[in-house]
Amino acid sequence: MTNDLATTIATVPDGTGSGSPPADADLATMLLIRHFELALLDLFARGELHGTTHTCLGQEHVPVALAPLLGERDYVFSNHRGHGHYIARFGDPAGLLAEIMGREGAVCNGVGGSQHIFRDRYLSTGVQGESLPVAAGVALHLKRHEPGALALTYIGDGTWGEGAVYEALNMAALWRLPLLVVVEHNGIAQSTATDANMAGTIGARAAAFGIAHMRVESISPAEIRTVAGPLVDKVRHGAPLVLEFVTNRLGPHSKGDDTRTDAELRRVRAADWHAVYREAPGFAEADSLAAAQVAQLVDEVSARQPAVWSTA
Amino acid sequence: MNGRPVRVVENLNHALHESMLADSRLYVLGEDIADPYGGAFKATRGLSQANPDRVITTPISENGIVGVAAGLAMAGDAAIVEIMFGDFAGLAFDQLLNFASKSVSMYGRPHPMRLVVRCPSGGSRGYGPTHSQTLLKHFIGIPGLSLFEMSPFHDNRAVLAHMLGLGEPCVFIEDKVLYTRRMAGDGQVDDLFDYGFLGAGDTAPAHVYTEAHGDVDCLIIAPGGMAERALAAMRDLLLRHEISCRLVVPSRLYPVETDALLDAARHAAHVCVVEESTAGGTWGAEVAHVLHERLWGRLRRPVRLVHSADSVIPTAVHLEREILVQADTIVEAVLADLRGEGSPV
């Protein structure tokens with residue numbers, strides 16, 4: 001039944017993986033996310049944030065690259081490491097920061113916090129793999145009632161340990177659902193390296209279901225769109241896709257819980273898009289601008305009243 | 001109702017057909033539910049023929065199916081999931097606990113989730129330890145999740161419509177033995193007992209009595225699957241021991257039907273809560289707590305809990321019978337209570 005689904009295994013052919021520097025608007029969003037995440041770690045270090053958070057430092061280019069490939073009718077399911085996903089979709093760092101800080105203007109009135117966000121057709125959940133069957137259900141709804149729209153779900157490499165992933169992939173392939181699974185493969189699940197967690201490969205696992213798979217190493221939003229765009233279009237017509245990004249987690253899993261060696265961290269930092277593009281024209285100015293914007297945002301949101309949760 | 005009342009599974013089947021007819025956005029999902037098989041207990045017979053696009057027979061993936069159903073609900077559709085054996089709801093627990101029920105409120109504003117998870121439950125059919133349980137106690141006290149049980153007194157057409165209209169996920173416990181029994185009809189159970197409802201709503205608790213008003217020796221509170229055994233016990237207690245009982249069968253088990261149960265308990269010297277769950281953390285304990293808080297000092301004795309033994313449910317018929325609550329278990333419990341004996345631990 002699924003034999004006619006094309007299975008593609010591709011690596012974006014780019015020697016450095018960097019491509020040309022991002023366009024101004026893309027760079028601005030990537031930097032906004034970068035400084036947003038750095039500010040969160042700083043707020044935690046100063047004891048001004050409650051609970052926990054998971055930053056996406058090093059992965060910012062993924063949702064920025066995908067944003068223009070998505071339409072308003074598309075659903076996005078995010079995970080615990082979702083601040084970049086939210087900012088790339090809505091450009092609303094204030095609502096997100098207010099949510100994380102429990103202040104007025106919080107997207108979910110402070111109830112959901114960092115990893116339980118719901119706005120329009122964007123939704124994040126805090127349990128690994130849980131969103132895949134839900135996204136499959138939404139994709140089923142879209143296929144029946146809003147053909148052409150898709151459900152995207154972001155997961156990590158560690159998420160592939162969850163059985164829910166395979167139950168959902170099976171149904172997505174069987175029922176030809178417009179489901180796009182974006183894997184941010186950063187090589188580490190909390191503190192455990194992927195090679196201690198995963199037998200085989202993500203590509204082979206997708207292939208087992210007859211689901212197309214593309215592996216992307218580029219950090220260039222324009223290049224990513226060029227290669228992924230046509231396959232994303234196919235998703236809209238019922239060909240589910242696993243789009244795997246080789247990426248780096250620059251920061252700790254949550255706060256100060258990084259047990260990687262110095263050598264490993266040096267390797268990760270050298271491959272970071274911020275390091276790769278920092279000499280590009282206009283980068284330094286854009287970086288300063290984003291830093292200043294986030295600093296102002298932190299001041300502004302910190303001064304707000306506590307969020308109010310009305311259950312009525 | 002004209003003629004002999006239909007069997008409970010037929011009533012449930014009609015309810016599913018009517019619900020799908022009434023709501024073009026309602027999906028039914030489950031394993032082996034499509035025709036000609038029509039589900040392990042035939043509750044979905046004819047449903048896929050009548051609604052080929054919206055009745056989806058699924059892979060063996062309870063967690064995935066409930067997730068898909070929650071996704072449909074999230075997007076504004078409604079979904080009913082059949083878990084082939086309620087025991088397997090354990091595989092779907094994460095989706096129910098951490099997603100479907102949470103989504104009603106965890107995003108800071110109410111979000112309706114029209115989702116019903118049907119769980120064929122209970123023993124007495126020799127299916128053994130992993131196919132005979134009643135898991136209701138595991139679904140108690142989850143914010144945003146309501147718990148109902150099928151009963152011969154409650155028309156499944158009304159109950160299903162009610163659950164789908166609630167806007168929050170529901171677990172529906174269906175006693176497997178009850179499928180083969182007939183629905184109650186015309187307010188009469190048998191030559192001794194009549195029945196009515198404690199309230200006007202579609203899911204108001206049913207009550208069964210020889211006399212609707214006045215005081216009785218013992219009030220028995222039991223979910224629908226236990227009603228037959230409770231009635232047999234009541235008959236025996238009345239005819240052999242001259243002990244008068246009244247039975248209340250709530251359709252909604254959680255949240256507890258506090259007001260109706262309190263009113264009923266005020267007219268009884270003793271109260272027993274009977275269920276098929278095995279011992280420990282039972283629904284009855286929750287009901288008893290509600291009654292104790294309000295009626296402490298008025299009750300002659302603490303509410304007595306009657307449940308199955310603290311054991312796996314064996315397969316062999318004689319062993320299974322020893323573990324599960326039987327009519328005579330209830331008789332013994334009521335007699336012991338009236339004698340002032342404490343509950344066996």
# chains A, B, ... in the order shown; residues from 1 in each chain; ligands from 1
>>> residues_around(residues="A:Ala295", least_positions_apart="4", cutoff="9 Å", atoms="only C-alpha atoms", output="ChimeraX atom specification")
/A:35-36,39,290-291,299-300
>>> write_last_selection(atoms="all heavy atoms", output="PDB file, in the first residue's frame")
ATOM      1  N   HIS A  35      19.692  35.272  21.441  1.00  0.00           N
ATOM      2  CA  HIS A  35      19.809  36.148  22.619  1.00  0.00           C
ATOM      3  C   HIS A  35      18.671  35.919  23.613  1.00  0.00           C
ATOM      4  O   HIS A  35      18.857  36.108  24.814  1.00  0.00           O
ATOM      5  CB  HIS A  35      19.925  37.607  22.173  1.00  0.00           C
ATOM      6  CG  HIS A  35      21.263  37.908  21.585  1.00  0.00           C
ATOM      7  ND1 HIS A  35      22.404  38.036  22.349  1.00  0.00           N
ATOM      8  CD2 HIS A  35      21.672  38.011  20.294  1.00  0.00           C
ATOM      9  CE1 HIS A  35      23.455  38.235  21.566  1.00  0.00           C
ATOM     10  NE2 HIS A  35      23.036  38.229  20.301  1.00  0.00           N
ATOM     11  N   PHE A  36      17.531  35.510  23.095  1.00  0.00           N
ATOM     12  CA  PHE A  36      16.422  35.141  23.991  1.00  0.00           C
ATOM     13  C   PHE A  36      16.866  33.992  24.900  1.00  0.00           C
ATOM     14  O   PHE A  36      16.690  34.035  26.121  1.00  0.00           O
ATOM     15  CB  PHE A  36      15.217  34.723  23.138  1.00  0.00           C
ATOM     16  CG  PHE A  36      13.969  34.423  23.924  1.00  0.00           C
ATOM     17  CD1 PHE A  36      13.036  35.415  24.169  1.00  0.00           C
ATOM     18  CD2 PHE A  36      13.718  33.145  24.418  1.00  0.00           C
ATOM     19  CE1 PHE A  36      11.870  35.144  24.888  1.00  0.00           C
ATOM     20  CE2 PHE A  36      12.564  32.863  25.134  1.00  0.00           C
ATOM     21  CZ  PHE A  36      11.644  33.867  25.367  1.00  0.00           C
ATOM     22  N   ALA A  39      19.478  34.961  27.367  1.00  0.00           N
ATOM     23  CA  ALA A  39      18.879  35.749  28.455  1.00  0.00           C
ATOM     24  C   ALA A  39      18.201  34.845  29.481  1.00  0.00           C
ATOM     25  O   ALA A  39      18.261  35.103  30.696  1.00  0.00           O
ATOM     26  CB  ALA A  39      17.871  36.753  27.871  1.00  0.00           C
ATOM     27  N   ALA A 290      20.063  42.588  18.192  1.00  0.00           N
ATOM     28  CA  ALA A 290      19.231  41.546  18.817  1.00  0.00           C
ATOM     29  C   ALA A 290      19.485  41.486  20.320  1.00  0.00           C
ATOM     30  O   ALA A 290      18.550  41.350  21.118  1.00  0.00           O
ATOM     31  CB  ALA A 290      19.514  40.191  18.167  1.00  0.00           C
ATOM     32  N   ALA A 291      20.758  41.625  20.701  1.00  0.00           N
ATOM     33  CA  ALA A 291      21.096  41.585  22.130  1.00  0.00           C
ATOM     34  C   ALA A 291      20.397  42.725  22.867  1.00  0.00           C
ATOM     35  O   ALA A 291      19.830  42.539  23.959  1.00  0.00           O
ATOM     36  CB  ALA A 291      22.610  41.657  22.313  1.00  0.00           C
ATOM     37  N   ASP A 299      13.760  43.548  30.577  1.00  0.00           N
ATOM     38  CA  ASP A 299      13.409  44.613  31.526  1.00  0.00           C
ATOM     39  C   ASP A 299      11.911  44.866  31.523  1.00  0.00           C
ATOM     40  O   ASP A 299      11.279  44.998  32.569  1.00  0.00           O
ATOM     41  CB  ASP A 299      14.141  45.923  31.156  1.00  0.00           C
ATOM     42  CG  ASP A 299      15.621  45.823  31.460  1.00  0.00           C
ATOM     43  OD1 ASP A 299      16.012  44.896  32.200  1.00  0.00           O
ATOM     44  OD2 ASP A 299      16.391  46.665  30.932  1.00  0.00           O
ATOM     45  N   GLU A 300      11.367  44.940  30.324  1.00  0.00           N
ATOM     46  CA  GLU A 300       9.947  45.295  30.189  1.00  0.00           C
ATOM     47  C   GLU A 300       9.056  44.196  30.789  1.00  0.00           C
ATOM     48  O   GLU A 300       8.139  44.468  31.557  1.00  0.00           O
ATOM     49  CB  GLU A 300       9.644  45.523  28.704  1.00  0.00           C
ATOM     50  CG  GLU A 300       8.314  46.176  28.418  1.00  0.00           C
ATOM     51  CD  GLU A 300       7.216  45.165  28.109  1.00  0.00           C
ATOM     52  OE1 GLU A 300       7.414  44.343  27.191  1.00  0.00           O
ATOM     53  OE2 GLU A 300       6.192  45.183  28.815  1.00  0.00           O
TER      54      GLU A 300
END
>>> residues_around(residues="B:Val271", least_positions_apart="3", cutoff="10 Å", atoms="only C-alpha atoms", output="list in words")
Asp217, Cys218, Leu219, Ile220, Ile221, Cys245, Arg246, Leu247, Ala264, Ala265, Arg266, His267, Ala268, Val274, Ala288, Leu291, Leu299, Arg300, Arg301, Pro302, Val303, Arg304, Leu305, Val334 and Asp337 of chain B
>>> interface_residues(of="chain B", to="chain A", cutoff="8 Å", atoms="only C-alpha atoms", output="ChimeraX atom specification")
/B:58-59,61,63-72,74-75,77,94-95,98-99,105-110
>>> write_last_selection(atoms="N, CA and C atoms", output="compact mmCIF listing (two decimals), in the first residue's frame")
# COMPACT_ATOMS: atom_id res chain seq x y z
N THR B 58 -7.83 0.27 13.22
CA THR B 58 -6.46 0.75 13.41
C THR B 58 -5.47 -0.39 13.65
N PRO B 59 -4.20 -0.08 13.52
CA PRO B 59 -3.19 -1.04 13.99
C PRO B 59 -3.31 -1.25 15.50
N SER B 61 -2.25 -0.41 18.44
CA SER B 61 -1.44 0.72 18.93
C SER B 61 -2.29 1.59 19.85
N ASN B 63 -1.83 3.40 22.48
CA ASN B 63 -1.32 4.74 22.76
C ASN B 63 -1.48 5.63 21.52
N GLY B 64 -1.11 5.09 20.38
CA GLY B 64 -1.21 5.85 19.14
C GLY B 64 -2.64 6.20 18.78
N ILE B 65 -3.53 5.24 18.97
CA ILE B 65 -4.94 5.50 18.60
C ILE B 65 -5.54 6.60 19.46
N VAL B 66 -5.29 6.53 20.76
CA VAL B 66 -5.86 7.56 21.63
C VAL B 66 -5.21 8.91 21.32
N GLY B 67 -3.93 8.89 20.94
CA GLY B 67 -3.28 10.12 20.51
C GLY B 67 -3.91 10.69 19.25
N VAL B 68 -4.16 9.84 18.28
CA VAL B 68 -4.80 10.28 17.04
C VAL B 68 -6.18 10.86 17.36
N ALA B 69 -6.92 10.17 18.23
CA ALA B 69 -8.25 10.66 18.61
C ALA B 69 -8.15 12.00 19.31
N ALA B 70 -7.14 12.15 20.14
CA ALA B 70 -6.95 13.44 20.83
C ALA B 70 -6.60 14.53 19.81
N GLY B 71 -5.85 14.16 18.78
CA GLY B 71 -5.52 15.13 17.73
C GLY B 71 -6.77 15.58 16.99
N LEU B 72 -7.64 14.62 16.69
CA LEU B 72 -8.90 14.97 16.04
C LEU B 72 -9.71 15.91 16.94
N MET B 74 -8.58 17.83 19.30
CA MET B 74 -7.85 19.09 19.39
C MET B 74 -8.22 20.00 18.21
N ALA B 75 -8.39 19.38 17.04
CA ALA B 75 -8.66 20.14 15.82
C ALA B 75 -10.15 20.46 15.65
N ASP B 77 -12.78 18.16 15.85
CA ASP B 77 -13.64 17.01 15.59
C ASP B 77 -13.97 16.34 16.94
N ASP B 94 -0.62 7.44 29.00
CA ASP B 94 0.06 8.73 28.83
C ASP B 94 -0.79 9.72 28.05
N GLN B 95 -1.37 9.24 26.94
CA GLN B 95 -2.18 10.16 26.13
C GLN B 95 -3.37 10.68 26.93
N ASN B 98 -1.56 12.72 30.30
CA ASN B 98 -0.65 13.84 30.06
C ASN B 98 -1.00 14.69 28.85
N PHE B 99 -1.88 14.18 28.01
CA PHE B 99 -2.26 15.05 26.89
C PHE B 99 -3.75 15.38 26.85
N SER B 105 -7.21 22.24 30.03
CA SER B 105 -6.93 23.43 30.84
C SER B 105 -5.47 23.87 30.88
N MET B 106 -4.52 23.03 30.47
CA MET B 106 -3.13 23.39 30.77
C MET B 106 -2.57 24.51 29.91
N TYR B 107 -3.32 24.88 28.88
CA TYR B 107 -2.82 25.97 28.05
C TYR B 107 -3.38 27.32 28.48
N GLY B 108 -3.90 27.35 29.70
CA GLY B 108 -4.24 28.63 30.30
C GLY B 108 -5.64 29.12 30.01
N ARG B 109 -6.32 28.48 29.09
CA ARG B 109 -7.72 28.81 28.83
C ARG B 109 -8.41 27.52 28.41
N PRO B 110 -9.72 27.43 28.68
CA PRO B 110 -10.40 26.16 28.39
C PRO B 110 -10.34 25.82 26.91
>>> atom_distance(atom1="atom CA of A:Ser114", atom2="atom CA of A:Leu152")
19.2 Å
>>> closest_residue(among="B:Leu335, B:Cys119, B:Leu135, B:Ala316", to="B:Ser277", atoms="only C-alpha atoms")
B:Leu135
>>> select_by_dssp(residues="stretch 31-241 of chain B", states="strand (DSSP E or B)", output="ChimeraX atom specification")
/B:55-57,78-82,114-121,146-149,170-175,182,185,188,194-197,206-209,216-221
>>> write_last_selection(atoms="N, CA and C atoms", output="CSV table (one decimal), in the first residue's frame")
chain,number,residue,atom,x,y,z
B,55,VAL,N,-15.2,5.6,10.3
B,55,VAL,CA,-14.9,4.5,11.2
B,55,VAL,C,-13.6,3.9,10.8
B,56,ILE,N,-12.6,4.0,11.6
B,56,ILE,CA,-11.2,3.7,11.2
B,56,ILE,C,-10.7,2.5,12.1
B,57,THR,N,-10.5,1.4,11.4
B,57,THR,CA,-10.0,0.3,12.1
B,57,THR,C,-8.4,0.4,12.1
B,78,ALA,N,-14.7,15.2,16.9
B,78,ALA,CA,-14.9,14.4,18.1
B,78,ALA,C,-14.5,13.0,17.8
B,79,ALA,N,-14.2,12.3,18.8
B,79,ALA,CA,-13.7,10.9,18.5
B,79,ALA,C,-14.1,10.0,19.7
B,80,ILE,N,-14.5,8.8,19.3
B,80,ILE,CA,-14.7,7.7,20.2
B,80,ILE,C,-13.7,6.6,19.9
B,81,VAL,N,-13.0,6.1,20.9
B,81,VAL,CA,-12.0,5.1,20.8
B,81,VAL,C,-12.5,3.8,21.5
B,82,GLU,N,-12.5,2.7,20.8
B,82,GLU,CA,-12.7,1.4,21.5
B,82,GLU,C,-11.4,0.8,21.8
B,114,ARG,N,-13.5,16.8,22.7
B,114,ARG,CA,-14.6,15.8,22.7
B,114,ARG,C,-14.1,14.4,22.4
B,115,LEU,N,-13.9,13.7,23.4
B,115,LEU,CA,-13.2,12.4,23.2
B,115,LEU,C,-13.8,11.4,24.3
B,116,VAL,N,-14.2,10.2,23.8
B,116,VAL,CA,-14.6,9.2,24.7
B,116,VAL,C,-13.8,7.9,24.4
B,117,VAL,N,-13.2,7.4,25.5
B,117,VAL,CA,-12.5,6.1,25.4
B,117,VAL,C,-13.3,5.0,26.0
B,118,ARG,N,-13.8,4.1,25.2
B,118,ARG,CA,-14.6,3.0,25.7
B,118,ARG,C,-13.7,1.8,26.1
B,119,CYS,N,-14.0,1.3,27.3
B,119,CYS,CA,-13.2,0.3,27.9
B,119,CYS,C,-14.0,-0.9,28.3
B,120,PRO,N,-14.2,-1.9,27.4
B,120,PRO,CA,-14.8,-3.2,27.8
B,120,PRO,C,-14.0,-3.8,29.0
B,121,SER,N,-14.7,-4.0,30.0
B,121,SER,CA,-14.0,-4.3,31.3
B,121,SER,C,-14.7,-5.5,32.0
B,146,SER,N,-13.5,12.7,32.9
B,146,SER,CA,-14.6,12.2,33.6
B,146,SER,C,-14.8,10.7,33.4
B,147,LEU,N,-15.4,10.1,34.3
B,147,LEU,CA,-15.4,8.6,34.3
B,147,LEU,C,-16.9,8.2,34.4
B,148,PHE,N,-17.4,7.4,33.4
B,148,PHE,CA,-18.7,6.9,33.3
B,148,PHE,C,-18.7,5.4,33.2
B,149,GLU,N,-19.8,4.8,33.7
B,149,GLU,CA,-19.9,3.3,33.4
B,149,GLU,C,-21.3,3.0,32.8
B,170,CYS,N,-13.6,11.5,28.3
B,170,CYS,CA,-14.3,10.6,29.2
B,170,CYS,C,-13.8,9.2,29.0
B,171,VAL,N,-13.7,8.5,30.1
B,171,VAL,CA,-13.5,7.1,30.0
B,171,VAL,C,-14.8,6.4,30.3
B,172,PHE,N,-15.2,5.5,29.4
B,172,PHE,CA,-16.5,4.8,29.6
B,172,PHE,C,-16.2,3.3,29.9
B,173,ILE,N,-16.5,2.9,31.1
B,173,ILE,CA,-16.3,1.5,31.5
B,173,ILE,C,-17.5,0.7,31.1
B,174,GLU,N,-17.3,-0.4,30.3
B,174,GLU,CA,-18.4,-1.2,29.9
B,174,GLU,C,-18.2,-2.6,30.4
B,175,ASP,N,-19.0,-3.1,31.3
B,175,ASP,CA,-18.9,-4.4,31.8
B,175,ASP,C,-19.2,-5.4,30.7
B,182,ARG,N,-30.2,-7.6,29.1
B,182,ARG,CA,-31.2,-6.7,28.4
B,182,ARG,C,-31.3,-5.4,29.2
B,185,GLY,N,-36.5,-1.7,31.4
B,185,GLY,CA,-37.6,-1.0,30.7
B,185,GLY,C,-38.8,-0.7,31.5
B,188,GLN,N,-39.7,-1.1,35.6
B,188,GLN,CA,-39.8,-2.3,36.4
B,188,GLN,C,-38.6,-3.2,36.1
B,194,ASP,N,-38.7,-2.0,41.4
B,194,ASP,CA,-38.9,-1.0,40.4
B,194,ASP,C,-37.7,-0.1,40.3
B,195,TYR,N,-37.6,0.7,39.3
B,195,TYR,CA,-36.5,1.6,39.3
B,195,TYR,C,-36.9,3.0,38.8
B,196,GLY,N,-36.1,4.0,39.1
B,196,GLY,CA,-36.4,5.4,38.6
B,196,GLY,C,-35.1,6.1,38.6
B,197,PHE,N,-35.1,7.4,38.6
B,197,PHE,CA,-33.9,8.2,38.5
B,197,PHE,C,-33.8,9.3,39.6
B,206,ALA,N,-29.5,6.1,38.6
B,206,ALA,CA,-30.7,5.3,38.7
B,206,ALA,C,-30.8,4.8,40.2
B,207,HIS,N,-32.1,4.6,40.6
B,207,HIS,CA,-32.2,3.9,41.9
B,207,HIS,C,-33.3,2.8,41.8
B,208,VAL,N,-33.0,1.7,42.5
B,208,VAL,CA,-33.9,0.5,42.4
B,208,VAL,C,-34.4,0.2,43.8
B,209,TYR,N,-35.7,-0.1,43.9
B,209,TYR,CA,-36.3,-0.1,45.2
B,209,TYR,C,-37.5,-1.0,45.2
B,216,VAL,N,-34.6,2.7,54.5
B,216,VAL,CA,-34.3,1.3,54.3
B,216,VAL,C,-33.2,0.9,55.2
B,217,ASP,N,-33.0,-0.4,55.3
B,217,ASP,CA,-31.9,-0.9,56.2
B,217,ASP,C,-30.5,-0.6,55.6
B,218,CYS,N,-30.5,-0.8,54.3
B,218,CYS,CA,-29.1,-0.6,53.7
B,218,CYS,C,-29.2,0.0,52.3
B,219,LEU,N,-28.3,1.0,52.0
B,219,LEU,CA,-28.2,1.5,50.7
B,219,LEU,C,-27.0,0.9,50.0
B,220,ILE,N,-27.2,0.3,48.8
B,220,ILE,CA,-26.1,-0.2,48.1
B,220,ILE,C,-25.8,0.7,46.9
B,221,ILE,N,-24.6,1.1,46.8
B,221,ILE,CA,-24.2,2.0,45.7
B,221,ILE,C,-23.2,1.1,44.8
>>> atom_distance(atom1="atom CA of A:Ala151", atom2="atom CA of A:Leu179")
5.1 Å
>>> select_by_dssp(residues="stretch 13-190 of chain A", states="alpha helix (DSSP H)", output="PyMOL selection string")
chain A and resi 24-45+61-66+83-90+93-101+131-145+163-174
>>> write_last_selection(atoms="C-alpha atoms", output="mmCIF file, in the first residue's frame")
data_model
loop_
_atom_site.group_PDB
_atom_site.id
_atom_site.type_symbol
_atom_site.label_atom_id
_atom_site.label_comp_id
_atom_site.auth_asym_id
_atom_site.auth_seq_id
_atom_site.Cartn_x
_atom_site.Cartn_y
_atom_site.Cartn_z
ATOM 1 C CA ASP A 24 18.894 39.823 6.855
ATOM 2 C CA ALA A 25 15.443 38.830 8.063
ATOM 3 C CA ASP A 26 16.501 35.227 8.722
ATOM 4 C CA LEU A 27 19.636 36.314 10.518
ATOM 5 C CA ALA A 28 17.645 38.748 12.636
ATOM 6 C CA THR A 29 15.289 35.973 13.789
ATOM 7 C CA MET A 30 18.128 33.534 14.425
ATOM 8 C CA LEU A 31 19.887 36.125 16.531
ATOM 9 C CA LEU A 32 16.702 37.063 18.328
ATOM 10 C CA ILE A 33 16.247 33.421 19.349
ATOM 11 C CA ARG A 34 19.928 33.155 20.291
ATOM 12 C CA HIS A 35 19.809 36.148 22.619
ATOM 13 C CA PHE A 36 16.422 35.141 23.991
ATOM 14 C CA GLU A 37 17.878 31.797 25.072
ATOM 15 C CA LEU A 38 21.038 33.357 26.467
ATOM 16 C CA ALA A 39 18.879 35.749 28.455
ATOM 17 C CA LEU A 40 16.931 32.840 29.937
ATOM 18 C CA LEU A 41 20.101 31.137 31.116
ATOM 19 C CA ASP A 42 21.204 34.441 32.589
ATOM 20 C CA LEU A 43 17.860 34.915 34.366
ATOM 21 C CA PHE A 44 18.129 31.417 35.815
ATOM 22 C CA ALA A 45 21.687 32.042 36.946
ATOM 23 C CA HIS A 61 18.313 28.060 12.036
ATOM 24 C CA VAL A 62 15.999 25.039 11.786
ATOM 25 C CA PRO A 63 12.631 26.697 12.543
ATOM 26 C CA VAL A 64 13.786 29.904 10.843
ATOM 27 C CA ALA A 65 14.507 27.982 7.647
ATOM 28 C CA LEU A 66 11.186 26.144 7.776
ATOM 29 C CA HIS A 83 11.372 28.536 22.151
ATOM 30 C CA GLY A 84 12.902 28.857 18.682
ATOM 31 C CA HIS A 85 9.938 27.108 17.116
ATOM 32 C CA TYR A 86 7.560 29.591 18.730
ATOM 33 C CA ILE A 87 9.550 32.719 17.928
ATOM 34 C CA ALA A 88 10.124 31.637 14.321
ATOM 35 C CA ARG A 89 6.375 31.129 13.873
ATOM 36 C CA PHE A 90 4.988 34.155 15.664
ATOM 37 C CA PRO A 93 9.327 36.863 22.164
ATOM 38 C CA ALA A 94 7.387 39.022 24.645
ATOM 39 C CA GLY A 95 4.449 36.615 24.925
ATOM 40 C CA LEU A 96 6.822 33.693 25.353
ATOM 41 C CA LEU A 97 9.012 35.394 27.921
ATOM 42 C CA ALA A 98 5.920 36.455 29.855
ATOM 43 C CA GLU A 99 4.787 32.821 29.790
ATOM 44 C CA ILE A 100 8.133 31.591 31.068
ATOM 45 C CA MET A 101 8.207 34.301 33.746
ATOM 46 C CA SER A 131 2.951 14.756 20.088
ATOM 47 C CA LEU A 132 3.443 12.349 17.184
ATOM 48 C CA PRO A 133 0.159 10.443 17.448
ATOM 49 C CA VAL A 134 -1.617 13.721 18.207
ATOM 50 C CA ALA A 135 -0.048 15.328 15.144
ATOM 51 C CA ALA A 136 -1.098 12.278 13.123
ATOM 52 C CA GLY A 137 -4.659 12.836 14.343
ATOM 53 C CA VAL A 138 -4.519 16.488 13.376
ATOM 54 C CA ALA A 139 -3.053 15.476 10.006
ATOM 55 C CA LEU A 140 -5.995 13.115 9.562
ATOM 56 C CA HIS A 141 -8.336 16.006 10.296
ATOM 57 C CA LEU A 142 -6.510 18.221 7.799
ATOM 58 C CA LYS A 143 -6.506 15.564 5.099
ATOM 59 C CA ARG A 144 -10.279 15.188 5.427
ATOM 60 C CA HIS A 145 -11.347 18.754 6.063
ATOM 61 C CA GLY A 163 7.130 3.683 21.007
ATOM 62 C CA ALA A 164 4.593 6.403 20.225
ATOM 63 C CA VAL A 165 6.891 7.544 17.404
ATOM 64 C CA TYR A 166 6.572 4.237 15.581
ATOM 65 C CA GLU A 167 2.854 3.864 16.193
ATOM 66 C CA ALA A 168 2.356 7.283 14.639
ATOM 67 C CA LEU A 169 4.726 6.721 11.695
ATOM 68 C CA ASN A 170 2.932 3.479 10.914
ATOM 69 C CA MET A 171 -0.469 5.146 10.848
ATOM 70 C CA ALA A 172 0.858 8.158 8.925
ATOM 71 C CA ALA A 173 2.209 5.874 6.199
ATOM 72 C CA LEU A 174 -0.839 3.590 6.131
#
>>> residues_around(residues="B:Val306", least_positions_apart="5", cutoff="8 Å", atoms="only C-alpha atoms", output="PDB file with C-alpha atoms, in the first residue's frame")
ATOM      1  CA  CYS B 272     -22.281  -0.357  51.127  1.00  0.00           C
ATOM      2  CA  VAL B 273     -20.348   0.602  47.998  1.00  0.00           C
ATOM      3  CA  VAL B 274     -19.850  -2.370  45.714  1.00  0.00           C
ATOM      4  CA  GLU B 275     -17.550  -2.622  42.699  1.00  0.00           C
ATOM      5  CA  GLY B 284     -15.670   2.992  46.738  1.00  0.00           C
ATOM      6  CA  VAL B 325     -17.402  -9.999  43.949  1.00  0.00           C
ATOM      7  CA  THR B 329     -20.286 -11.600  48.691  1.00  0.00           C
ATOM      8  CA  ILE B 330     -22.668  -8.643  48.860  1.00  0.00           C
ATOM      9  CA  ALA B 333     -21.153  -7.929  53.585  1.00  0.00           C
TER      10      ALA B 333
END
>>> atom_distance(atom1="atom CA of B:Ser311", atom2="atom CA of B:Gly141")
23.2 Å
>>> residues_around(residues="B:Ala43", least_positions_apart="2", cutoff="6 Å", atoms="only C-alpha atoms", output="list in words")
Val9, Asn13, Phe41 and Arg45 of chain B
>>> residues_around(residues="stretch 259-265 of chain A", least_positions_apart="5", cutoff="12 Å", atoms="only C-alpha atoms", output="list in words")
Gly58, Gly187, Ile188, Ala189, Gln190, Ser191, Thr192, Ala193, Asn248, Arg249, Leu250, Gly251, Pro252, His253, Ser254, Ala270, Ala271 and Asp272 of chain A
>>> residues_around(residues="B:Gln49", least_positions_apart="4", cutoff="10 Å", atoms="only C-alpha atoms", output="ChimeraX atom specification")
/B:34-36,38,45,53,55
